[in-house]
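What follows is the content of target25.cif, which has mmCIF, N, CA and C atoms; chains and numbers go by the auth columns:
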```
data_final
loop_
_atom_site.group_PDB
_atom_site.id
_atom_site.type_symbol
_atom_site.label_atom_id
_atom_site.label_comp_id
_atom_site.label_asym_id
_atom_site.label_seq_id
_atom_site.Cartn_x
_atom_site.Cartn_y
_atom_site.Cartn_z
_atom_site.B_iso_or_equiv
_atom_site.auth_seq_id
_atom_site.auth_asym_id
ATOM 1 N N MET A 1 -18.253 -28.979 -0.493 0.00 1 A
ATOM 2 C CA MET A 1 -16.851 -28.985 -0.887 0.00 1 A
ATOM 3 C C MET A 1 -16.187 -30.248 -0.368 0.00 1 A
ATOM 4 N N GLY A 2 -15.203 -30.690 -1.099 0.00 2 A
ATOM 5 C CA GLY A 2 -14.482 -31.886 -0.698 0.00 2 A
ATOM 6 C C GLY A 2 -13.478 -31.577 0.399 0.00 2 A
ATOM 7 N N GLY A 3 -12.542 -32.479 0.588 0.00 3 A
ATOM 8 C CA GLY A 3 -11.503 -32.287 1.580 0.00 3 A
ATOM 9 C C GLY A 3 -10.574 -31.149 1.201 0.00 3 A
ATOM 10 N N PRO A 4 -9.680 -30.783 2.114 0.00 4 A
ATOM 11 C CA PRO A 4 -8.801 -29.635 1.868 0.00 4 A
ATOM 12 C C PRO A 4 -7.939 -29.778 0.620 0.00 4 A
ATOM 13 N N ASP A 5 -7.583 -30.989 0.242 0.00 5 A
ATOM 14 C CA ASP A 5 -6.753 -31.174 -0.949 0.00 5 A
ATOM 15 C C ASP A 5 -7.564 -31.085 -2.238 0.00 5 A
ATOM 16 N N GLU A 6 -8.894 -31.079 -2.132 0.00 6 A
ATOM 17 C CA GLU A 6 -9.754 -30.988 -3.307 0.00 6 A
ATOM 18 C C GLU A 6 -10.205 -29.557 -3.567 0.00 6 A
ATOM 19 N N CYS A 7 -10.030 -28.668 -2.615 0.00 7 A
ATOM 20 C CA CYS A 7 -10.484 -27.288 -2.742 0.00 7 A
ATOM 21 C C CYS A 7 -9.512 -26.484 -3.597 0.00 7 A
ATOM 22 N N TRP A 8 -10.036 -25.427 -4.169 0.00 8 A
ATOM 23 C CA TRP A 8 -9.247 -24.519 -4.991 0.00 8 A
ATOM 24 C C TRP A 8 -9.115 -23.172 -4.296 0.00 8 A
ATOM 25 N N TYR A 9 -7.993 -22.525 -4.505 0.00 9 A
ATOM 26 C CA TYR A 9 -7.703 -21.213 -3.941 0.00 9 A
ATOM 27 C C TYR A 9 -7.157 -20.322 -5.045 0.00 9 A
ATOM 28 N N TYR A 10 -7.262 -19.021 -4.847 0.00 10 A
ATOM 29 C CA TYR A 10 -6.592 -18.094 -5.743 0.00 10 A
ATOM 30 C C TYR A 10 -5.368 -17.590 -5.000 0.00 10 A
ATOM 31 N N CYS A 11 -4.192 -17.776 -5.591 0.00 11 A
ATOM 32 C CA CYS A 11 -2.948 -17.346 -4.969 0.00 11 A
ATOM 33 C C CYS A 11 -2.621 -15.929 -5.444 0.00 11 A
ATOM 34 N N LEU A 12 -2.567 -15.005 -4.509 0.00 12 A
ATOM 35 C CA LEU A 12 -2.251 -13.621 -4.833 0.00 12 A
ATOM 36 C C LEU A 12 -0.792 -13.458 -5.260 0.00 12 A
ATOM 37 N N LYS A 13 0.075 -14.287 -4.730 0.00 13 A
ATOM 38 C CA LYS A 13 1.499 -14.212 -5.058 0.00 13 A
ATOM 39 C C LYS A 13 1.766 -14.671 -6.491 0.00 13 A
ATOM 40 N N HIS A 14 1.153 -15.797 -6.865 0.00 14 A
ATOM 41 C CA HIS A 14 1.382 -16.355 -8.201 0.00 14 A
ATOM 42 C C HIS A 14 0.345 -15.896 -9.222 0.00 14 A
ATOM 43 N N ARG A 15 -0.717 -15.239 -8.731 0.00 15 A
ATOM 44 C CA ARG A 15 -1.796 -14.713 -9.573 0.00 15 A
ATOM 45 C C ARG A 15 -2.442 -15.791 -10.438 0.00 15 A
ATOM 46 N N ARG A 16 -2.800 -16.904 -9.758 0.00 16 A
ATOM 47 C CA ARG A 16 -3.460 -17.998 -10.468 0.00 16 A
ATOM 48 C C ARG A 16 -4.229 -18.873 -9.473 0.00 16 A
ATOM 49 N N ALA A 17 -5.152 -19.667 -10.027 0.00 17 A
ATOM 50 C CA ALA A 17 -5.884 -20.637 -9.226 0.00 17 A
ATOM 51 C C ALA A 17 -4.972 -21.828 -8.967 0.00 17 A
ATOM 52 N N GLU A 18 -5.002 -22.309 -7.727 0.00 18 A
ATOM 53 C CA GLU A 18 -4.174 -23.453 -7.338 0.00 18 A
ATOM 54 C C GLU A 18 -4.999 -24.383 -6.474 0.00 18 A
ATOM 55 N N GLN A 19 -4.755 -25.665 -6.617 0.00 19 A
ATOM 56 C CA GLN A 19 -5.470 -26.637 -5.813 0.00 19 A
ATOM 57 C C GLN A 19 -4.649 -26.951 -4.575 0.00 19 A
ATOM 58 N N SER A 20 -5.328 -27.093 -3.464 0.00 20 A
ATOM 59 C CA SER A 20 -4.766 -27.385 -2.142 0.00 20 A
ATOM 60 C C SER A 20 -4.092 -26.152 -1.550 0.00 20 A
ATOM 61 N N LYS A 21 -3.578 -26.316 -0.363 0.00 21 A
ATOM 62 C CA LYS A 21 -3.003 -25.206 0.394 0.00 21 A
ATOM 63 C C LYS A 21 -1.490 -25.163 0.205 0.00 21 A
ATOM 64 N N ARG A 22 -1.044 -24.951 -1.005 0.00 22 A
ATOM 65 C CA ARG A 22 0.396 -24.924 -1.278 0.00 22 A
ATOM 66 C C ARG A 22 1.061 -23.649 -0.786 0.00 22 A
ATOM 67 N N CYS A 23 0.379 -22.541 -0.908 0.00 23 A
ATOM 68 C CA CYS A 23 0.980 -21.253 -0.569 0.00 23 A
ATOM 69 C C CYS A 23 0.554 -20.798 0.827 0.00 23 A
ATOM 70 N N TRP A 24 1.283 -19.862 1.368 0.00 24 A
ATOM 71 C CA TRP A 24 1.026 -19.268 2.672 0.00 24 A
ATOM 72 C C TRP A 24 -0.407 -18.753 2.723 0.00 24 A
ATOM 73 N N PHE A 25 -1.069 -18.908 3.861 0.00 25 A
ATOM 74 C CA PHE A 25 -2.489 -18.563 3.967 0.00 25 A
ATOM 75 C C PHE A 25 -2.764 -17.100 3.648 0.00 25 A
ATOM 76 N N ALA A 26 -1.836 -16.211 3.955 0.00 26 A
ATOM 77 C CA ALA A 26 -2.045 -14.791 3.696 0.00 26 A
ATOM 78 C C ALA A 26 -1.999 -14.471 2.200 0.00 26 A
ATOM 79 N N ASP A 27 -1.488 -15.395 1.402 0.00 27 A
ATOM 80 C CA ASP A 27 -1.414 -15.206 -0.046 0.00 27 A
ATOM 81 C C ASP A 27 -2.571 -15.862 -0.778 0.00 27 A
ATOM 82 N N ARG A 28 -3.498 -16.510 -0.040 0.00 28 A
ATOM 83 C CA ARG A 28 -4.586 -17.263 -0.667 0.00 28 A
ATOM 84 C C ARG A 28 -5.937 -16.629 -0.408 0.00 28 A
ATOM 85 N N ILE A 29 -6.822 -16.749 -1.395 0.00 29 A
ATOM 86 C CA ILE A 29 -8.238 -16.418 -1.237 0.00 29 A
ATOM 87 C C ILE A 29 -9.000 -17.718 -1.491 0.00 29 A
ATOM 88 N N GLY A 30 -9.920 -18.036 -0.618 0.00 30 A
ATOM 89 C CA GLY A 30 -10.696 -19.258 -0.818 0.00 30 A
ATOM 90 C C GLY A 30 -10.987 -19.914 0.510 0.00 30 A
ATOM 91 N N PRO A 31 -11.471 -21.095 0.493 0.00 31 A
ATOM 92 C CA PRO A 31 -11.508 -22.049 -0.605 0.00 31 A
ATOM 93 C C PRO A 31 -12.710 -21.847 -1.518 0.00 31 A
ATOM 94 N N TYR A 32 -12.554 -22.361 -2.742 0.00 32 A
ATOM 95 C CA TYR A 32 -13.606 -22.366 -3.740 0.00 32 A
ATOM 96 C C TYR A 32 -13.848 -23.811 -4.169 0.00 32 A
ATOM 97 N N PRO A 33 -15.051 -24.105 -4.653 0.00 33 A
ATOM 98 C CA PRO A 33 -15.382 -25.500 -4.986 0.00 33 A
ATOM 99 C C PRO A 33 -14.708 -26.027 -6.257 0.00 33 A
ATOM 100 N N ASP A 34 -14.296 -25.114 -7.138 0.00 34 A
ATOM 101 C CA ASP A 34 -13.706 -25.567 -8.401 0.00 34 A
ATOM 102 C C ASP A 34 -12.748 -24.509 -8.949 0.00 34 A
ATOM 103 N N ARG A 35 -11.993 -24.904 -9.948 0.00 35 A
ATOM 104 C CA ARG A 35 -10.981 -24.022 -10.532 0.00 35 A
ATOM 105 C C ARG A 35 -11.606 -22.764 -11.148 0.00 35 A
ATOM 106 N N ALA A 36 -12.702 -22.919 -11.865 0.00 36 A
ATOM 107 C CA ALA A 36 -13.337 -21.782 -12.531 0.00 36 A
ATOM 108 C C ALA A 36 -13.736 -20.706 -11.533 0.00 36 A
ATOM 109 N N THR A 37 -14.274 -21.108 -10.402 0.00 37 A
ATOM 110 C CA THR A 37 -14.669 -20.146 -9.378 0.00 37 A
ATOM 111 C C THR A 37 -13.435 -19.495 -8.763 0.00 37 A
ATOM 112 N N ALA A 38 -12.404 -20.274 -8.500 0.00 38 A
ATOM 113 C CA ALA A 38 -11.160 -19.716 -7.938 0.00 38 A
ATOM 114 C C ALA A 38 -10.540 -18.710 -8.889 0.00 38 A
ATOM 115 N N GLU A 39 -10.642 -18.954 -10.193 0.00 39 A
ATOM 116 C CA GLU A 39 -10.098 -18.016 -11.171 0.00 39 A
ATOM 117 C C GLU A 39 -10.846 -16.693 -11.162 0.00 39 A
ATOM 118 N N ARG A 40 -12.086 -16.689 -10.674 0.00 40 A
ATOM 119 C CA ARG A 40 -12.886 -15.466 -10.562 0.00 40 A
ATOM 120 C C ARG A 40 -12.770 -14.813 -9.190 0.00 40 A
ATOM 121 N N ALA A 41 -11.851 -15.266 -8.367 0.00 41 A
ATOM 122 C CA ALA A 41 -11.765 -14.815 -6.970 0.00 41 A
ATOM 123 C C ALA A 41 -11.692 -13.299 -6.837 0.00 41 A
ATOM 124 N N LEU A 42 -10.867 -12.648 -7.613 0.00 42 A
ATOM 125 C CA LEU A 42 -10.738 -11.193 -7.478 0.00 42 A
ATOM 126 C C LEU A 42 -12.031 -10.490 -7.880 0.00 42 A
ATOM 127 N N GLU A 43 -12.699 -10.998 -8.903 0.00 43 A
ATOM 128 C CA GLU A 43 -13.989 -10.447 -9.313 0.00 43 A
ATOM 129 C C GLU A 43 -15.023 -10.641 -8.204 0.00 43 A
ATOM 130 N N ILE A 44 -15.036 -11.811 -7.596 0.00 44 A
ATOM 131 C CA ILE A 44 -15.966 -12.102 -6.500 0.00 44 A
ATOM 132 C C ILE A 44 -15.722 -11.156 -5.329 0.00 44 A
ATOM 133 N N VAL A 45 -14.462 -10.925 -5.000 0.00 45 A
ATOM 134 C CA VAL A 45 -14.120 -10.011 -3.898 0.00 45 A
ATOM 135 C C VAL A 45 -14.596 -8.597 -4.220 0.00 45 A
ATOM 136 N N ARG A 46 -14.369 -8.140 -5.457 0.00 46 A
ATOM 137 C CA ARG A 46 -14.814 -6.795 -5.845 0.00 46 A
ATOM 138 C C ARG A 46 -16.333 -6.668 -5.739 0.00 46 A
ATOM 139 N N GLU A 47 -17.060 -7.699 -6.179 0.00 47 A
ATOM 140 C CA GLU A 47 -18.523 -7.673 -6.100 0.00 47 A
ATOM 141 C C GLU A 47 -18.997 -7.619 -4.652 0.00 47 A
ATOM 142 N N ARG A 48 -18.387 -8.420 -3.788 0.00 48 A
ATOM 143 C CA ARG A 48 -18.773 -8.419 -2.370 0.00 48 A
ATOM 144 C C ARG A 48 -18.465 -7.073 -1.719 0.00 48 A
ATOM 145 N N ASN A 49 -17.328 -6.501 -2.047 0.00 49 A
ATOM 146 C CA ASN A 49 -16.977 -5.195 -1.489 0.00 49 A
ATOM 147 C C ASN A 49 -17.940 -4.110 -1.958 0.00 49 A
ATOM 148 N N ALA A 50 -18.326 -4.156 -3.218 0.00 50 A
ATOM 149 C CA ALA A 50 -19.274 -3.171 -3.745 0.00 50 A
ATOM 150 C C ALA A 50 -20.617 -3.282 -3.035 0.00 50 A
ATOM 151 N N ARG A 51 -21.087 -4.513 -2.802 0.00 51 A
ATOM 152 C CA ARG A 51 -22.343 -4.696 -2.070 0.00 51 A
ATOM 153 C C ARG A 51 -22.234 -4.174 -0.639 0.00 51 A
ATOM 154 N N ALA A 52 -21.126 -4.444 0.022 0.00 52 A
ATOM 155 C CA ALA A 52 -20.923 -3.973 1.399 0.00 52 A
ATOM 156 C C ALA A 52 -20.844 -2.454 1.436 0.00 52 A
ATOM 157 N N ASP A 53 -20.154 -1.863 0.464 0.00 53 A
ATOM 158 C CA ASP A 53 -20.072 -0.388 0.396 0.00 53 A
ATOM 159 C C ASP A 53 -21.447 0.221 0.194 0.00 53 A
ATOM 160 N N ALA A 54 -22.254 -0.400 -0.665 0.00 54 A
ATOM 161 C CA ALA A 54 -23.610 0.108 -0.917 0.00 54 A
ATOM 162 C C ALA A 54 -24.465 0.032 0.341 0.00 54 A
ATOM 163 N N ARG A 55 -24.329 -1.066 1.103 0.00 55 A
ATOM 164 C CA ARG A 55 -25.063 -1.188 2.378 0.00 55 A
ATOM 165 C C ARG A 55 -24.607 -0.114 3.352 0.00 55 A
ATOM 166 N N ASP A 56 -23.294 0.110 3.431 0.00 56 A
ATOM 167 C CA ASP A 56 -22.762 1.122 4.355 0.00 56 A
ATOM 168 C C ASP A 56 -23.255 2.521 3.999 0.00 56 A
ATOM 169 N N GLU A 57 -23.335 2.812 2.721 0.00 57 A
ATOM 170 C CA GLU A 57 -23.807 4.125 2.269 0.00 57 A
ATOM 171 C C GLU A 57 -25.292 4.311 2.549 0.00 57 A
ATOM 172 N N GLY A 58 -26.029 3.224 2.647 0.00 58 A
ATOM 173 C CA GLY A 58 -27.465 3.290 2.916 0.00 58 A
ATOM 174 C C GLY A 58 -27.790 3.577 4.380 0.00 58 A
ATOM 175 N N ASN A 59 -26.813 3.469 5.255 0.00 59 A
ATOM 176 C CA ASN A 59 -27.069 3.698 6.694 0.00 59 A
ATOM 177 C C ASN A 59 -26.892 5.126 7.070 0.00 59 A
#
```

I'd like the structure from this file rewritten - as structure tokens, please.
Amino acid sequence: MGGPDECWYYCLKHRRAEQSKRCWFADRIGPYPDRATAERALEIVRERNARADARDEGN
């Protein structure tokens, strides 16, 4: 990933991918390497949570 101004985040407040750290950290998910990945942030979070839940259920 590039410098902080080159990274992409998903802003929960504005519900869109944004470049750089414009919004408050608690409103951001990321960083992501590109806009397309940042736009999938909520899907990525759901997938990670599902995997973690499946691991927890296996114990």

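When only N, CA and C atoms are used to measure the gap to A:Ala38, the shortest distance among A:Ala26, A:Ala17, A:Ala50, A:Cys7 belongs to A:Ala17.
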
Worksheet item: Between atom N of A:Glu47 and atom C of A:Glu18, what is the spacing in Å?
Response: 20.6 Å

Discussion item. Could you list, as an MDAnalysis selection string, every residue matched by the PyMOL selection byres (((chain A and resi 12 and name CA) around 12) and name CA) in this structure?
Written reply: chainID A and resid 9:11 13:18 23:30 38:39 41:42

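DSSP secondary structure from the backbone places Phe25, Ala26, Asp27, Arg35, Ala36, Thr37, Ala38, Glu39, Ala41, Leu42, Glu43, Ile44, Val45, Arg46, Glu47, Arg48, Asn49, Ala50, Arg51, Ala52, Asp53, Ala54, Arg55, Asp56, Glu57 and Gly58 of chain A of chain A in helix (DSSP H, G or I).
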
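Of the residues in chain A, those that DSSP places in strand (DSSP E) on the basis of the backbone are Trp8, Tyr9, Tyr10, Cys11, Arg16, Ala17, Glu18, Gln19, Arg28, Ile29, Gly30, Pro31 and Tyr32 of chain A.
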
Deliver the residues from the most recent selection as a file, using N, CA and C atoms, as a CSV table (one decimal), in the coordinates of the input.
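Writing done, so here's part-v8.csv:
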```csv
chain,number,residue,atom,x,y,z
A,8,TRP,N,-10.0,-25.4,-4.2
A,8,TRP,CA,-9.2,-24.5,-5.0
A,8,TRP,C,-9.1,-23.2,-4.3
A,9,TYR,N,-8.0,-22.5,-4.5
A,9,TYR,CA,-7.7,-21.2,-3.9
A,9,TYR,C,-7.2,-20.3,-5.0
A,10,TYR,N,-7.3,-19.0,-4.8
A,10,TYR,CA,-6.6,-18.1,-5.7
A,10,TYR,C,-5.4,-17.6,-5.0
A,11,CYS,N,-4.2,-17.8,-5.6
A,11,CYS,CA,-2.9,-17.3,-5.0
A,11,CYS,C,-2.6,-15.9,-5.4
A,16,ARG,N,-2.8,-16.9,-9.8
A,16,ARG,CA,-3.5,-18.0,-10.5
A,16,ARG,C,-4.2,-18.9,-9.5
A,17,ALA,N,-5.2,-19.7,-10.0
A,17,ALA,CA,-5.9,-20.6,-9.2
A,17,ALA,C,-5.0,-21.8,-9.0
A,18,GLU,N,-5.0,-22.3,-7.7
A,18,GLU,CA,-4.2,-23.5,-7.3
A,18,GLU,C,-5.0,-24.4,-6.5
A,19,GLN,N,-4.8,-25.7,-6.6
A,19,GLN,CA,-5.5,-26.6,-5.8
A,19,GLN,C,-4.6,-27.0,-4.6
A,28,ARG,N,-3.5,-16.5,0.0
A,28,ARG,CA,-4.6,-17.3,-0.7
A,28,ARG,C,-5.9,-16.6,-0.4
A,29,ILE,N,-6.8,-16.7,-1.4
A,29,ILE,CA,-8.2,-16.4,-1.2
A,29,ILE,C,-9.0,-17.7,-1.5
A,30,GLY,N,-9.9,-18.0,-0.6
A,30,GLY,CA,-10.7,-19.3,-0.8
A,30,GLY,C,-11.0,-19.9,0.5
A,31,PRO,N,-11.5,-21.1,0.5
A,31,PRO,CA,-11.5,-22.0,-0.6
A,31,PRO,C,-12.7,-21.8,-1.5
A,32,TYR,N,-12.6,-22.4,-2.7
A,32,TYR,CA,-13.6,-22.4,-3.7
A,32,TYR,C,-13.8,-23.8,-4.2
```

Discussion item. If I take atom C of A:Ala36 and atom CA of A:Arg48, how far is one from the other in Å, to one decimal?
Written reply: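 Atom CA of A:Arg48 lies 16.1 Å from atom C of A:Ala36.
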
Fill in: Coordinates-based distance that separates atom CA of A:Glu6 from atom N of A:Pro33 (Å, one decimal)
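Result for atom N of A:Pro33 versus atom CA of A:Glu6: 8.8 Å, one decimal.
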